[in-house]
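Read through the structure below, which is laid out as structure tokens, and then see the notes.
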Amino acid sequence: MANGYQVQELLVFTDNLLKFAYFRQSLQDEPYVKTSLAVIGQNMQASSTPLLSVKNLSITFSQEGEPVAAVQHLSFLVRAGERLGSVGESGSGKSVSALAIMGLLPIGAVKADEIKLQVFNQSPEDLGPSANTNWQAVRGKQIGMIFQEPMAALNPVLKCGKQIEEGLRLHLGATKVKAREQAMDWLARVQLKEPERVYHSYPHQLSGGQQQRIMIAMALALQPALLIADEPTTALDVRVQAEILDLLNRLCEEMNSALLFISHDLAVVQKMTDRILVLRKGNLIESGSTREILQKPQEEYTQALLACRPQLYKPVARLATFQSPAVTLHKREPVRSAKDERVRVEQASVVFENRINWRQKTQVHALKQVDLSVFDGEILGLVGESGSGKTTMGRSIMQMQKLAGGSISYGGKDLNTWSKKAYAREIQMIFQNPYAALNPRMPVGEAIQEVMRVHQIGASEAERRDRVFELLRTLHLADEHYHRLPYAFSGGQRQRLCIARALAAAPRFLICDEATASLDVSIQAEILNLLADLREEQGLTMLFISHDLASVSFLCDRVAVMQAGEIVELGEVEEVVNHPQHTYTQSLIQAVPQL
């Protein structure tokens with residue numbers, strides 16, 4: 001199968017071939033000409049028939065007995081081999097539309113005139129809400145999906161290698177030996193180091209970025225006709241992100257798979273897609289070619305999305321939002337002196353043991369005698385590839401991870417001398433995986449209020465409740481969200497709830513572990529501005545763990561670059577970004593996608 005441009009090239013070639021055969025009056029080339037025409041006819045038919053056709057899709061959920069429209073009258077086509085992007089704010093309907101196509105939403109929530117999959121040389125599949133679809137044959141093999149939250153999508157009691165093998169054996173009929181070989185090959189192809197160790201690991205033993213790559217391997221291994229990628233590189237550092245995006249591009253071309261690419265990163269969407277759908281509050285705002293939409297957007301909403309992005313080489317004092325323009329940065333304040341240390345890490349080492357089987361185990365040195373200081377009132381950025389030790393560093397400071405060697409002090413006192421309750425009030429952490437961080441059976445308002453209740457913040461329950469509503473509004477959530485359970489929120493909304501819960505304790509030190517990774521650009525800009533305001537207004541000190549160097553460049557005073565459990569470069573943000581010394585830092589900066 002070929003796309004429209006390839007069909008045009010074939011038509012021109014065949015036209016010239018026919019002219020040559022006519023003028024030579026030779027029949028030698030006649031069989032070849034007939035074969036070429038037959039191939040062209042098939043390609044023209046394949047390109048004219050959409051692979052996926054969605055007409056008048058509407059999705060409605062029930063919240064507290066009231067209907068809530070998540071998507072309204074959405075129609076679009078995806079052709080074989082095409083790459084379609086879907087962008088918009090958190091809650092705009094991007095992910096739920098993909099879930100509707102996969103038949104993963106509750107019965108009665110979806111209405112559509114048509115959801116049809118037409119794979120070349122196969123009978124069309126009706127995926128509509130009233131169809132009797134054989135989903136076991138469709139999911140995985142015909143339509144693959146990379147989910148936004150890998151920890152929620154992966155089976156927690158099954159080793160990662162076995163989860164990849166499961167699909168290969170079920171859909172492709174691979175033998176046990178062949179499935180293992182292919183699983184190992186895919187672990188290597190998605191740039192996972194030590195594939196043997198990862199194969200035998202459970203999901204909780206891997207970092208968020210490593211879990212995401214497992215999901216990518218599972219989806220691509222089955223070579224689906226349509227691949228739906230829902231924020232597939234959100235948890236990945238920029239260098240691995242570039243490698244994975246190149247891999248997705250190459251494999252989709254090799255397999256002629258269509259791609260529905262959902263992302264809030266417009267620079268990534270530019271690299272990955274031919275066309276774009278811009279969604280807002282469940283409605284299609286704008287659509288067209290990627291180049292035209294990103295270079296000359298017609299709608300104000302699309303223009304605002306582009307203006308909200310932090311720029312690596314254009315630092316500002318305040319990011320643009322839908323409500324206000326960007327503010328120029330004139331000069332950064334100098335880093336505090338050493339006597340103002342809030343956190344000091346000395347020769348910190350962390351070693352994990354990973355058991356391959358009942359006789360064999362391996363050791364992973366997550367931190368290798370790391371020295372690091374965070375000064376009072378500063379925001380220190382911590383960047384590096386997935387598995388480099390960034391999250392382990394944050395968890396060690398939180399006393400959630402025991403050190404194998406070295407020490408950590410806070411406010412000049414060793415962590416071991418602090419009471420757990422006092423330390424938990426002083427320091428809070430925004431975790432990388434918002435779904436795993438929230439109690440699935442507790443209303444989110446109660447989860448936030450619980451923090452204040454434990455630390456005796458507020459004179460009464462009514463006062464604490466009012467503070468919860470204030471936090472929800474600050475993070476652009478509504479009062480009615482107070483009583484809802486976590487499952488009712490999108491990934492970006494859940495992350496904002498986790499930020500609200502961390503701020504509820506009024507901490508002095510905040511660890512942000514990929515706190516804005518799952519947020520769209522507009523909300524990301526507002527959250528980054530909020531974190532900057534908290535530092536200025538409350539003197540809050542932060543460790544900002546991120547793979548987004550543009551966000552680090554905007555928010556942080558200094559940046560530490562981690563590789564394989566060691567800090568390879570440390571310095572002022574502007575100096576490191578503009579004049580990186582270490583080759584690893586240089587490779588990270590070069591991999592940052594730019595519009």
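If you're wondering about the labels, chains in the structure tokens are A, B, ... by order shown, residues count from 1 in each chain, ligands from 1 in order shown.
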Nearby residues (only C-alpha atoms) at most 10 Å from A:Thr234, same-chain spacing under 6 positions excluded, as a list in words: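 Final neighbour list, sorted by chain and number: Gln148, Glu149, Gly208, Gly209, Gln212, Gln241, Ser263, His264, Asp265, Glu514, Thr516, Ala517, Ser518, Leu519, His547 and Asp548 of chain A.
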Which residues of stretch 506-578 of chain A come within 12 Å of stretch 456-473 of chain A, and what is each one's closest atom pair and distance in Å (one decimal), counting only C-alpha atoms, sorted by chain and residue number, as a tab-separated table?
```
residue	atom	partner	partner_atom	distance
A:Ala506	CA	A:Ile457	CA	8.7
A:Pro507	CA	A:Ile457	CA	11.4
A:Leu530	CA	A:Leu471	CA	11.4
```
Residue with smallest distance to A:Gly389 - pool A:Thr49, A:Ser546, A:Asn416, A:Ser58, counting only C-alpha atoms: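 Of A:Thr49, A:Ser546, A:Asn416, A:Ser58, the one nearest A:Gly389, counting only C-alpha atoms, is A:Ser546.
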Residue among A:Asn155, A:Thr273, A:Ser522, A:Ser373 lying closest to A:Ala304, counting only C-alpha atoms: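 Using only C-alpha atoms, the shortest distance to A:Ala304 belongs to A:Ser522.
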Sel. of strand (DSSP E) residues, stretch 66-232 of chain A, as a ChimeraX atom specification: /A:66-78,83-88,110-111,114-117,125-126,143-146,226-230
Residue among A:Ile527, A:Val190, A:Val454, A:Val343 lying closest to A:Arg508, counting only C-alpha atoms: A:Val343
Shell of 9 Å around stretch 164-177 of chain A, only C-alpha atoms, local chain residues under 3 positions omitted, as a PyMOL selection string: chain A and resi 136-137+140-141+160-161+180-183+186+214-215+217-219+221-222
Could you write out that same residue set with all heavy atoms as a compact mmCIF listing (two decimals), in the first residue's frame?
```txt
# COMPACT_ATOMS: atom_id res chain seq x y z
N GLN A 136 -11.38 -9.11 20.55
CA GLN A 136 -10.14 -9.86 20.75
C GLN A 136 -9.33 -9.92 19.45
O GLN A 136 -8.10 -9.94 19.49
CB GLN A 136 -10.44 -11.27 21.25
CG GLN A 136 -9.17 -12.03 21.66
CD GLN A 136 -9.49 -13.33 22.37
OE1 GLN A 136 -10.64 -13.63 22.62
NE2 GLN A 136 -8.47 -14.09 22.70
N ALA A 137 -10.00 -9.92 18.31
CA ALA A 137 -9.31 -9.94 17.02
C ALA A 137 -8.86 -8.55 16.60
O ALA A 137 -7.89 -8.40 15.84
CB ALA A 137 -10.22 -10.54 15.95
N GLY A 140 -4.95 -4.94 19.53
CA GLY A 140 -3.61 -5.50 19.49
C GLY A 140 -3.13 -5.74 18.09
O GLY A 140 -2.14 -5.15 17.65
N LYS A 141 -3.82 -6.56 17.32
CA LYS A 141 -3.37 -6.93 15.98
C LYS A 141 -3.75 -5.89 14.95
O LYS A 141 -2.93 -5.47 14.14
CB LYS A 141 -3.94 -8.30 15.60
CG LYS A 141 -3.57 -8.76 14.19
CD LYS A 141 -2.06 -8.78 13.96
CE LYS A 141 -1.70 -9.22 12.56
NZ LYS A 141 -0.27 -9.07 12.27
N CYS A 160 7.62 -8.18 32.85
CA CYS A 160 7.46 -7.37 31.64
C CYS A 160 7.69 -8.19 30.37
O CYS A 160 6.95 -8.03 29.39
CB CYS A 160 8.43 -6.18 31.68
SG CYS A 160 8.04 -4.99 32.98
N GLY A 161 8.68 -9.05 30.37
CA GLY A 161 8.94 -9.86 29.19
C GLY A 161 7.78 -10.76 28.85
O GLY A 161 7.42 -10.94 27.67
N ARG A 180 9.88 -15.47 23.01
CA ARG A 180 10.92 -14.92 23.89
C ARG A 180 11.98 -14.18 23.09
O ARG A 180 12.44 -13.10 23.46
CB ARG A 180 11.56 -16.03 24.72
CG ARG A 180 12.49 -15.50 25.81
CD ARG A 180 13.22 -16.61 26.54
NE ARG A 180 13.89 -16.10 27.73
CZ ARG A 180 15.03 -15.40 27.71
NH1 ARG A 180 15.63 -15.12 26.56
NH2 ARG A 180 15.57 -14.96 28.84
N GLU A 181 12.38 -14.77 21.96
CA GLU A 181 13.39 -14.12 21.11
C GLU A 181 12.89 -12.77 20.62
O GLU A 181 13.63 -11.77 20.65
CB GLU A 181 13.72 -15.03 19.91
CG GLU A 181 14.49 -16.29 20.27
CD GLU A 181 14.72 -17.18 19.04
OE1 GLU A 181 14.23 -16.80 17.94
OE2 GLU A 181 15.36 -18.23 19.19
N GLN A 182 11.64 -12.74 20.17
CA GLN A 182 11.08 -11.49 19.66
C GLN A 182 10.91 -10.46 20.78
O GLN A 182 11.13 -9.26 20.57
CB GLN A 182 9.75 -11.75 18.97
CG GLN A 182 9.89 -12.56 17.69
CD GLN A 182 8.55 -12.81 17.01
OE1 GLN A 182 7.51 -12.31 17.46
NE2 GLN A 182 8.56 -13.57 15.93
N ALA A 183 10.51 -10.90 21.96
CA ALA A 183 10.37 -9.99 23.09
C ALA A 183 11.71 -9.36 23.46
O ALA A 183 11.80 -8.14 23.68
CB ALA A 183 9.77 -10.73 24.29
N TRP A 186 12.61 -6.75 20.87
CA TRP A 186 11.87 -5.50 21.01
C TRP A 186 12.34 -4.69 22.20
O TRP A 186 12.34 -3.45 22.16
CB TRP A 186 10.37 -5.78 21.08
CG TRP A 186 9.78 -5.91 19.72
CD1 TRP A 186 9.44 -7.06 19.06
CD2 TRP A 186 9.48 -4.85 18.83
NE1 TRP A 186 8.96 -6.77 17.81
CE2 TRP A 186 8.97 -5.42 17.64
CE3 TRP A 186 9.60 -3.45 18.91
CZ2 TRP A 186 8.57 -4.64 16.55
CZ3 TRP A 186 9.20 -2.68 17.82
CH2 TRP A 186 8.70 -3.27 16.67
N ILE A 214 8.22 -0.25 27.63
CA ILE A 214 7.62 -1.60 27.60
C ILE A 214 6.29 -1.55 26.86
O ILE A 214 5.99 -2.40 26.02
CB ILE A 214 7.41 -2.14 29.04
CG1 ILE A 214 8.76 -2.33 29.76
CG2 ILE A 214 6.64 -3.44 29.01
CD1 ILE A 214 9.63 -3.40 29.16
N MET A 215 5.48 -0.51 27.15
CA MET A 215 4.19 -0.36 26.47
C MET A 215 4.37 -0.18 24.97
O MET A 215 3.62 -0.73 24.16
CB MET A 215 3.45 0.85 27.05
CG MET A 215 2.84 0.64 28.41
SD MET A 215 1.51 -0.58 28.41
CE MET A 215 0.44 0.10 27.17
N ALA A 217 6.89 -1.26 23.14
CA ALA A 217 7.32 -2.55 22.59
C ALA A 217 6.12 -3.49 22.43
O ALA A 217 5.99 -4.18 21.41
CB ALA A 217 8.38 -3.18 23.49
N MET A 218 5.24 -3.54 23.41
CA MET A 218 4.06 -4.42 23.35
C MET A 218 3.16 -4.06 22.16
O MET A 218 2.64 -4.94 21.47
CB MET A 218 3.26 -4.31 24.65
CG MET A 218 3.93 -4.95 25.85
SD MET A 218 3.03 -4.61 27.39
CE MET A 218 1.48 -5.44 27.06
N ALA A 219 2.99 -2.73 21.93
CA ALA A 219 2.10 -2.30 20.85
C ALA A 219 2.71 -2.53 19.48
O ALA A 219 2.04 -3.03 18.57
CB ALA A 219 1.75 -0.82 21.03
N ALA A 221 5.14 -4.60 18.56
CA ALA A 221 5.52 -5.99 18.25
C ALA A 221 4.47 -6.71 17.42
O ALA A 221 4.80 -7.62 16.66
CB ALA A 221 5.79 -6.76 19.54
N LEU A 222 3.21 -6.29 17.52
CA LEU A 222 2.13 -6.96 16.79
C LEU A 222 1.89 -6.36 15.41
O LEU A 222 1.02 -6.82 14.68
CB LEU A 222 0.85 -6.90 17.62
CG LEU A 222 0.92 -7.56 19.00
CD1 LEU A 222 -0.40 -7.44 19.72
CD2 LEU A 222 1.34 -9.01 18.88
```
Gap from atom CA of A:Gly565 to atom CA of A:Arg496 - Å, one decimal: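 These two atoms are separated by 29.0 Å.
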Filtered DSSP result for stretch 186-322 of chain A, state helix (DSSP H, G or I), as a PyMOL selection string: chain A and resi 186-189+195-199+203-205+208-220+238-255+266-272+290-295+300-307
Contacts of stretch 279-293 of chain A within 12 Å, only C-alpha atoms, excl. fewer than 4 positions in-chain, as a count of residues only: 56
Option closest in space to A:Glu353, from A:Ser324, A:Asn529, A:Gln205, A:Thr391 [counting only C-alpha atoms]: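 Selected residue with least distance to A:Glu353: A:Gln205.
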